$ cat final.cif   # mmCIF, C-alpha atoms and all ligand atoms
data_upload
#
loop_
_atom_site.group_PDB
_atom_site.id
_atom_site.type_symbol
_atom_site.label_atom_id
_atom_site.label_comp_id
_atom_site.auth_asym_id
_atom_site.auth_seq_id
_atom_site.Cartn_x
_atom_site.Cartn_y
_atom_site.Cartn_z
ATOM 1 C CA MET A 725 104.226 117.900 76.426
ATOM 2 C CA ARG A 726 107.951 117.842 75.733
ATOM 3 C CA HIS A 727 108.976 119.480 72.500
ATOM 4 C CA VAL A 728 112.419 117.922 72.406
ATOM 5 C CA THR A 729 113.570 114.605 73.862
ATOM 6 C CA MET A 730 117.014 113.881 75.255
ATOM 7 C CA GLU A 731 117.449 111.348 72.468
ATOM 8 C CA LYS A 732 116.813 114.005 69.831
ATOM 9 C CA LEU A 733 119.573 116.113 71.388
ATOM 10 C CA PHE A 734 121.958 113.211 71.964
ATOM 11 C CA VAL A 735 121.905 111.974 68.362
ATOM 12 C CA HIS A 736 122.249 115.515 66.958
ATOM 13 C CA PRO A 737 125.611 115.981 65.151
ATOM 14 C CA ILE A 738 126.279 119.207 67.091
ATOM 15 C CA VAL A 739 125.954 117.355 70.396
ATOM 16 C CA GLN A 740 127.989 114.408 69.183
ATOM 17 C CA LYS A 741 130.730 116.777 68.055
ATOM 18 C CA TYR A 742 130.992 119.249 70.926
ATOM 19 C CA VAL A 743 129.716 117.253 73.889
ATOM 20 C CA GLY A 744 131.703 114.318 72.557
ATOM 21 C CA ARG A 745 134.758 116.551 72.700
ATOM 22 C CA SER A 746 134.239 117.678 76.286
ATOM 23 C CA GLY A 747 133.231 114.221 77.514
ATOM 24 C CA MET A 748 129.987 112.376 76.777
ATOM 25 C CA ALA A 749 130.301 110.099 79.820
ATOM 26 C CA HIS A 750 130.547 113.171 82.063
ATOM 27 C CA ALA A 751 127.652 114.937 80.319
ATOM 28 C CA ILE A 752 125.342 111.947 80.744
ATOM 29 C CA ALA A 753 126.327 111.464 84.383
ATOM 30 C CA VAL A 754 125.606 115.148 85.048
ATOM 31 C CA ALA A 755 122.232 114.903 83.257
ATOM 32 C CA GLU A 756 121.289 111.884 85.394
ATOM 33 C CA LYS A 757 122.414 113.554 88.613
ATOM 34 C CA ALA A 758 120.643 116.779 87.686
ATOM 35 C CA VAL A 759 117.379 114.857 87.259
ATOM 36 C CA ASP A 760 117.781 113.208 90.672
ATOM 37 C CA ILE A 761 118.414 116.553 92.368
ATOM 38 C CA ALA A 762 115.549 118.150 90.403
ATOM 39 C CA ILE A 763 113.145 115.525 91.754
ATOM 40 C CA LYS A 764 114.174 116.329 95.327
ATOM 41 C CA LYS A 765 113.932 120.084 94.772
ATOM 42 C CA ASN A 766 110.745 119.964 92.756
ATOM 43 C CA VAL A 767 112.342 121.492 89.679
ATOM 44 C CA ASN A 768 111.427 120.571 86.082
ATOM 45 C CA PRO A 769 113.424 117.341 85.434
ATOM 46 C CA ASP A 770 113.310 117.806 81.666
ATOM 47 C CA LEU A 771 115.144 121.133 81.809
ATOM 48 C CA ALA A 772 117.585 119.778 84.393
ATOM 49 C CA ALA A 773 118.427 116.839 82.112
ATOM 50 C CA LYS A 774 118.908 119.047 79.072
ATOM 51 C CA ALA A 775 121.043 121.599 80.883
ATOM 52 C CA GLY A 776 123.044 118.740 82.401
ATOM 53 C CA LEU A 777 123.697 117.084 79.051
ATOM 54 C CA LEU A 778 124.609 120.344 77.339
ATOM 55 C CA HIS A 779 126.412 122.194 80.138
ATOM 56 C CA ASP A 780 129.892 121.687 78.652
ATOM 57 C CA ILE A 781 128.909 122.060 74.980
ATOM 58 C CA GLY A 782 130.888 125.306 74.840
ATOM 59 C CA HIS A 783 134.293 123.817 75.531
ATOM 60 C CA TYR A 784 136.864 124.631 72.909
ATOM 61 C CA LYS A 785 140.629 124.301 72.635
ATOM 62 C CA TRP A 786 142.051 123.661 76.035
ATOM 63 C CA TYR A 787 144.972 121.646 74.790
ATOM 64 C CA GLN A 788 148.561 122.684 74.444
ATOM 65 C CA ASN A 789 150.656 120.408 72.261
ATOM 66 C CA GLY A 790 147.935 117.802 72.472
ATOM 67 C CA GLU A 791 147.983 117.835 76.264
ATOM 68 C CA TRP A 792 145.336 119.084 78.652
ATOM 69 C CA ASN A 793 146.593 122.268 80.263
ATOM 70 C CA PHE A 794 144.411 122.957 83.257
ATOM 71 C CA GLU A 795 146.100 126.212 84.265
ATOM 72 C CA LEU A 796 145.875 127.667 80.792
ATOM 73 C CA TYR A 797 142.277 126.584 80.587
ATOM 74 C CA LYS A 798 141.311 128.131 83.935
ATOM 75 C CA GLU A 799 142.926 131.382 82.941
ATOM 76 C CA ASN A 800 141.237 131.718 79.577
ATOM 77 C CA ASP A 801 138.058 129.755 79.871
ATOM 78 C CA ILE A 802 134.696 131.140 78.735
ATOM 79 C CA HIS A 803 133.057 127.788 77.923
ATOM 80 C CA ALA A 804 129.909 128.632 79.840
ATOM 81 C CA ILE A 805 129.267 131.714 77.706
ATOM 82 C CA LYS A 806 129.947 129.877 74.489
ATOM 83 C CA GLY A 807 127.984 126.869 75.699
ATOM 84 C CA ALA A 808 124.913 128.881 76.634
ATOM 85 C CA GLU A 809 124.823 130.376 73.162
ATOM 86 C CA ARG A 810 125.518 127.098 71.377
ATOM 87 C CA ALA A 811 122.944 125.168 73.387
ATOM 88 C CA HIS A 812 120.358 127.892 72.853
ATOM 89 C CA LYS A 813 120.873 127.853 69.107
ATOM 90 C CA LEU A 814 120.621 124.066 69.035
ATOM 91 C CA LEU A 815 117.469 123.975 71.161
ATOM 92 C CA VAL A 816 115.756 126.626 69.055
ATOM 93 C CA ARG A 817 116.672 124.739 65.892
ATOM 94 C CA CYS A 818 115.199 121.592 67.429
ATOM 95 C CA GLU A 819 112.021 123.637 68.032
ATOM 96 C CA GLU A 820 112.259 123.695 71.796
ATOM 97 C CA ASN A 821 109.820 125.931 73.630
ATOM 98 C CA LEU A 822 111.551 129.343 73.654
ATOM 99 C CA GLN A 823 111.134 129.929 77.392
ATOM 100 C CA ASP A 824 112.616 126.495 78.076
ATOM 101 C CA ALA A 825 115.497 127.148 75.683
ATOM 102 C CA LYS A 826 116.210 130.339 77.611
ATOM 103 C CA GLU A 827 116.072 128.595 81.002
ATOM 104 C CA VAL A 828 118.470 125.888 79.847
ATOM 105 C CA ALA A 829 120.838 128.449 78.306
ATOM 106 C CA LEU A 830 120.884 130.475 81.539
ATOM 107 C CA ALA A 831 121.584 127.382 83.622
ATOM 108 C CA ILE A 832 124.527 126.612 81.332
ATOM 109 C CA LEU A 833 125.759 130.194 81.501
ATOM 110 C CA LEU A 834 125.802 130.084 85.304
ATOM 111 C CA HIS A 835 126.919 126.484 85.965
ATOM 112 C CA THR A 836 130.403 127.758 86.727
ATOM 113 C CA ASP A 837 131.656 131.057 88.077
ATOM 114 C CA SER A 838 135.197 130.540 86.814
ATOM 115 C CA TYR A 839 134.902 133.360 84.270
ATOM 116 C CA LEU A 840 132.897 135.788 86.377
ATOM 117 C CA PRO A 841 134.147 138.711 88.433
ATOM 118 C CA GLU A 842 134.365 138.081 92.187
ATOM 119 C CA GLY A 843 131.069 138.302 93.987
ATOM 120 C CA GLU A 844 128.048 136.450 95.211
ATOM 121 C CA LEU A 845 125.717 134.993 92.628
ATOM 122 C CA GLN A 846 122.113 134.353 93.542
ATOM 123 C CA LEU A 847 121.448 131.207 91.563
ATOM 124 C CA ARG A 848 117.943 130.016 90.807
ATOM 125 C CA PRO A 849 117.135 126.355 91.586
ATOM 126 C CA LEU A 850 117.680 124.998 88.041
ATOM 127 C CA GLN A 851 120.993 126.860 87.765
ATOM 128 C CA GLN A 852 122.085 125.572 91.163
ATOM 129 C CA ILE A 853 121.186 122.005 90.204
ATOM 130 C CA VAL A 854 123.416 121.981 87.127
ATOM 131 C CA ALA A 855 126.324 123.468 89.083
ATOM 132 C CA GLU A 856 125.835 120.909 91.849
ATOM 133 C CA ALA A 857 125.496 117.917 89.506
ATOM 134 C CA ASP A 858 128.587 119.056 87.599
ATOM 135 C CA THR A 859 130.693 119.424 90.735
ATOM 136 C CA ALA A 860 129.539 116.011 91.965
ATOM 137 C CA ASP A 861 130.897 114.347 88.809
ATOM 138 C CA GLU A 862 134.176 116.250 88.561
ATOM 139 C CA GLU A 863 137.520 114.528 88.834
ATOM 140 C CA VAL A 864 140.915 115.974 89.704
ATOM 141 C CA GLY A 865 142.689 117.780 86.870
ATOM 142 C CA GLY A 866 139.645 117.652 84.610
ATOM 143 C CA ALA A 867 139.870 113.845 84.205
ATOM 144 C CA HIS A 868 136.065 113.634 83.954
ATOM 145 C CA HIS A 869 136.327 115.178 80.485
ATOM 146 C CA TYR A 870 138.254 112.139 79.300
ATOM 147 C CA ARG A 871 136.040 109.380 80.690
ATOM 148 C CA GLN A 872 134.854 107.239 77.786
ATOM 149 C CA ILE A 873 131.479 105.722 77.069
ATOM 150 C CA ASP A 874 130.302 103.475 74.196
ATOM 151 C CA TYR A 875 127.727 105.061 71.914
ATOM 152 C CA ASP A 876 125.207 102.257 72.485
ATOM 153 C CA ILE A 877 125.505 102.424 76.259
ATOM 154 C CA ALA A 878 125.222 106.216 76.130
ATOM 155 C CA LEU A 879 122.109 105.998 73.965
ATOM 156 C CA LYS A 880 120.540 103.462 76.313
ATOM 157 C CA ARG A 881 121.126 105.736 79.316
ATOM 158 C CA ILE A 882 119.692 108.697 77.385
ATOM 159 C CA ARG A 883 116.583 106.650 76.494
ATOM 160 C CA ASP A 884 116.203 105.545 80.114
ATOM 161 C CA LEU A 885 116.439 109.187 81.138
ATOM 162 C CA ASP A 886 113.741 110.125 78.598
ATOM 163 C CA ALA A 887 111.460 107.423 79.993
ATOM 164 C CA LYS A 888 112.101 108.593 83.554
ATOM 165 C CA ILE A 889 111.437 112.237 82.695
ATOM 166 C CA GLU A 890 108.253 111.368 80.846
ATOM 167 C CA SER A 891 106.860 109.338 83.718
ATOM 168 C CA LEU A 892 107.794 112.088 86.193
ATOM 169 C CA MET A 893 106.073 114.705 84.078
ATOM 170 C CA LEU A 894 103.021 112.513 83.649
ATOM 171 C CA ALA A 895 102.805 111.966 87.407
ATOM 172 C CA ASN A 896 103.079 115.718 87.865
ATOM 173 C CA GLU A 897 100.285 116.391 85.392
ATOM 174 C CA ASN A 898 98.053 113.867 87.164
ATOM 175 C CA ASP A 899 98.784 115.520 90.497
ATOM 176 C CA GLU A 900 97.874 118.891 89.093
ATOM 177 C CA GLN A 901 94.594 117.557 87.730
ATOM 178 C CA LYS A 902 93.685 116.215 91.167
ATOM 179 C CA ASN A 903 94.269 119.567 92.835
HETATM 180 FE FE FE A 1001 131.201 119.764 83.550
#
$ encode --input "final.cif" --output "structure tokens" --more "lines below"
Ligand SMILES: [Fe+2]
Amino acid sequence: MRHVTMEKLFVHPIVQKYVGRSGMAHAIAVAEKAVDIAIKKNVNPDLAAKAGLLHDIGHYKWYQNGEWNFELYKENDIHAIKGAERAHKLLVRCEENLQDAKEVALAILLHTDSYLPEGELQLRPLQQIVAEADTADEEVGGAHHYRQIDYDIALKRIRDLDAKIESLMLANENDEQKN
């Protein structure tokens, strides 16, 4: 059973505020892509969707005089650290399973290596999926953060994603019962 739906997260004021700021259209596209990759890699689609939706929730001021400053942002960015913490707090408040909240937070923490020291990271499948889905939806100069989406269309896509995840999880449960 899922403790928290995508819709519950999407309508939450914290998500509307922070994910809205970093780009709701991008967040939803990443959630959808993450689910598709998760299906192929046999990873929990629910966690992939949640990490996808929330991966940029930690973005903060990247503007200079009202303008996006990509260089300044790259230099100073720690959005993955902030995002992991913010998403974790939100998920726990929404009464998410604590192990799941941790998995999602870790996937957010590691979806980019822009703030990490040089070196090879051994990413686990869920973490890799979010990084991959994010990269697939990126546009030059961070333009993906500015792509707009109507609230109603966004909500519809979130509901469709919930329905997809639920049917996938149900099919999985049935498979397990057969084995
Ligand atoms: Fe992103």
$ atom_distance --input "final.cif" --atom1 "atom CA of Leu834 of chain A" --atom2 "atom CA of Ala887 of chain A"
27.3 Å
$ closest_residue --input "final.cif" --among "A:Arg810, A:His750, A:Lys902, A:Lys732" --to "ligand FE 1001 (chain A)" --atoms "all atoms listed in the file"
A:His750
$ resolve_selection --input "final.cif" --expression "the PyMOL selection byres (((chain A and resi 826-829) around 9) and not hetatm)" --output "mmCIF file with C-alpha atoms, in the frame of the given file"
data_model
loop_
_atom_site.group_PDB
_atom_site.id
_atom_site.type_symbol
_atom_site.label_atom_id
_atom_site.label_comp_id
_atom_site.auth_asym_id
_atom_site.auth_seq_id
_atom_site.Cartn_x
_atom_site.Cartn_y
_atom_site.Cartn_z
ATOM 1 C CA LEU A 771 115.144 121.133 81.809
ATOM 2 C CA ALA A 772 117.585 119.778 84.393
ATOM 3 C CA LYS A 774 118.908 119.047 79.072
ATOM 4 C CA ALA A 775 121.043 121.599 80.883
ATOM 5 C CA GLY A 776 123.044 118.740 82.401
ATOM 6 C CA LEU A 778 124.609 120.344 77.339
ATOM 7 C CA HIS A 779 126.412 122.194 80.138
ATOM 8 C CA GLY A 807 127.984 126.869 75.699
ATOM 9 C CA ALA A 808 124.913 128.881 76.634
ATOM 10 C CA GLU A 809 124.823 130.376 73.162
ATOM 11 C CA ARG A 810 125.518 127.098 71.377
ATOM 12 C CA ALA A 811 122.944 125.168 73.387
ATOM 13 C CA HIS A 812 120.358 127.892 72.853
ATOM 14 C CA LEU A 815 117.469 123.975 71.161
ATOM 15 C CA ASN A 821 109.820 125.931 73.630
ATOM 16 C CA LEU A 822 111.551 129.343 73.654
ATOM 17 C CA GLN A 823 111.134 129.929 77.392
ATOM 18 C CA ASP A 824 112.616 126.495 78.076
ATOM 19 C CA ALA A 825 115.497 127.148 75.683
ATOM 20 C CA LEU A 830 120.884 130.475 81.539
ATOM 21 C CA ALA A 831 121.584 127.382 83.622
ATOM 22 C CA ILE A 832 124.527 126.612 81.332
ATOM 23 C CA LEU A 833 125.759 130.194 81.501
ATOM 24 C CA LEU A 834 125.802 130.084 85.304
ATOM 25 C CA LEU A 850 117.680 124.998 88.041
ATOM 26 C CA GLN A 851 120.993 126.860 87.765
#
$ closest_residue --input "final.cif" --among "A:Leu733, A:Leu894, A:Ala860, A:Leu879" --to "ligand FE 1001 (chain A)" --atoms "only C-alpha atoms and all ligand atoms"
A:Ala860
$ resolve_selection --input "final.cif" --expression "the PyMOL selection byres (((chain A and resi 892) around 12) and not hetatm)" --output "list of chain:residue names"
A:Met725, A:Arg726, A:Val759, A:Asp760, A:Ala762, A:Ile763, A:Lys764, A:Asn766, A:Val767, A:Asn768, A:Pro769, A:Asp770, A:Leu885, A:Asp886, A:Ala887, A:Lys888, A:Ile889, A:Glu890, A:Ser891, A:Met893, A:Leu894, A:Ala895, A:Asn896, A:Glu897, A:Asn898, A:Asp899
$ closest_residue --input "final.cif" --among "A:Gln846, A:Thr836, A:Asn789, A:Thr729" --to "ligand FE 1001 (chain A)" --atoms "all atoms listed in the file"
A:Thr836
$ residues_near_ligand --input "final.cif" --ligand "ligand FE 1001 (chain A)" --cutoff "8 Å" --atoms "only C-alpha atoms and all ligand atoms" --output "PyMOL selection string"
chain A and resi 750-751+754+779-780+858-859+861-862+868-869
$ atom_distance --input "final.cif" --atom1 "atom CA of Glu820 of chain A" --atom2 "atom CA of His835 of chain A"
20.6 Å
$ closest_residue --input "final.cif" --among "A:Leu814, A:Leu796, A:Ala867, A:Ile761" --to "Ala855 of chain A" --atoms "all atoms listed in the file"
A:Ile761
$ atom_distance --input "final.cif" --atom1 "atom CA of Gly866 of chain A" --atom2 "atom CA of Leu840 of chain A"
19.4 Å
$ closest_residue --input "final.cif" --among "A:Ile802, A:Ala758, A:Leu847, A:Val728" --to "Val816 of chain A" --atoms "all atoms listed in the file"
A:Val728
$ closest_residue --input "final.cif" --among "A:Ile877, A:Val743, A:Met748, A:Ala755" --to "Met730 of chain A" --atoms "only C-alpha atoms"
A:Ala755
$ residues_near_point --input "final.cif" --point "(122.8, 110.6, 81.9)" --cutoff "6 Å" --atoms "all atoms listed in the file" --output "number ranges by chain"
A: 752-753, 755-756, 881-882
$ write_last_selection --input "final.cif" --atoms "C-alpha atoms" --output "PDB file, in the coordinates of the input"
ATOM      1  CA  ILE A 752     125.342 111.947  80.744  1.00  0.00           C
ATOM      2  CA  ALA A 753     126.327 111.464  84.383  1.00  0.00           C
ATOM      3  CA  ALA A 755     122.232 114.903  83.257  1.00  0.00           C
ATOM      4  CA  GLU A 756     121.289 111.884  85.394  1.00  0.00           C
ATOM      5  CA  ARG A 881     121.126 105.736  79.316  1.00  0.00           C
ATOM      6  CA  ILE A 882     119.692 108.697  77.385  1.00  0.00           C
TER       7      ILE A 882
END
$ build_atoms --input "final.cif" --residues "segment 839-856 of chain A" --atoms "N, CA and C atoms" --output "mmCIF file, in the frame of the given file"
data_model
loop_
_atom_site.group_PDB
_atom_site.id
_atom_site.type_symbol
_atom_site.label_atom_id
_atom_site.label_comp_id
_atom_site.auth_asym_id
_atom_site.auth_seq_id
_atom_site.Cartn_x
_atom_site.Cartn_y
_atom_site.Cartn_z
ATOM 1 N N TYR A 839 134.612 132.240 85.163
ATOM 2 C CA TYR A 839 134.902 133.360 84.270
ATOM 3 C C TYR A 839 134.301 134.678 84.761
ATOM 4 N N LEU A 840 133.610 134.599 85.899
ATOM 5 C CA LEU A 840 132.897 135.788 86.377
ATOM 6 C C LEU A 840 133.738 136.604 87.345
ATOM 7 N N PRO A 841 133.467 137.903 87.432
ATOM 8 C CA PRO A 841 134.147 138.711 88.433
ATOM 9 C C PRO A 841 133.787 138.213 89.834
ATOM 10 N N GLU A 842 134.624 138.483 90.807
ATOM 11 C CA GLU A 842 134.365 138.081 92.187
ATOM 12 C C GLU A 842 133.017 138.618 92.646
ATOM 13 N N GLY A 843 132.342 137.828 93.450
ATOM 14 C CA GLY A 843 131.069 138.302 93.987
ATOM 15 C C GLY A 843 130.118 137.157 94.224
ATOM 16 N N GLU A 844 129.032 137.467 94.893
ATOM 17 C CA GLU A 844 128.048 136.450 95.211
ATOM 18 C C GLU A 844 126.995 136.372 94.124
ATOM 19 N N LEU A 845 126.770 135.171 93.622
ATOM 20 C CA LEU A 845 125.717 134.993 92.628
ATOM 21 C C LEU A 845 124.495 134.382 93.301
ATOM 22 N N GLN A 846 123.346 134.947 93.039
ATOM 23 C CA GLN A 846 122.113 134.353 93.542
ATOM 24 C C GLN A 846 121.560 133.421 92.479
ATOM 25 N N LEU A 847 121.889 132.156 92.595
ATOM 26 C CA LEU A 847 121.448 131.207 91.563
ATOM 27 C C LEU A 847 120.017 130.742 91.807
ATOM 28 N N ARG A 848 119.282 130.584 90.712
ATOM 29 C CA ARG A 848 117.943 130.016 90.807
ATOM 30 C C ARG A 848 118.068 128.496 90.854
ATOM 31 N N PRO A 849 117.012 127.802 91.342
ATOM 32 C CA PRO A 849 117.135 126.355 91.586
ATOM 33 C C PRO A 849 117.692 125.549 90.408
ATOM 34 N N LEU A 850 117.184 125.775 89.192
ATOM 35 C CA LEU A 850 117.680 124.998 88.041
ATOM 36 C C LEU A 850 119.175 125.248 87.821
ATOM 37 N N GLN A 851 119.586 126.493 87.981
ATOM 38 C CA GLN A 851 120.993 126.860 87.765
ATOM 39 C C GLN A 851 121.875 126.207 88.829
ATOM 40 N N GLN A 852 121.355 126.175 90.052
ATOM 41 C CA GLN A 852 122.085 125.572 91.163
ATOM 42 C C GLN A 852 122.243 124.063 90.942
ATOM 43 N N ILE A 853 121.193 123.453 90.422
ATOM 44 C CA ILE A 853 121.186 122.005 90.204
ATOM 45 C C ILE A 853 122.280 121.597 89.226
ATOM 46 N N VAL A 854 122.417 122.342 88.138
ATOM 47 C CA VAL A 854 123.416 121.981 87.127
ATOM 48 C C VAL A 854 124.822 122.152 87.715
ATOM 49 N N ALA A 855 125.024 123.235 88.449
ATOM 50 C CA ALA A 855 126.324 123.468 89.083
ATOM 51 C C ALA A 855 126.649 122.342 90.064
ATOM 52 N N GLU A 856 125.653 121.948 90.840
ATOM 53 C CA GLU A 856 125.835 120.909 91.849
ATOM 54 C C GLU A 856 126.109 119.544 91.206
#
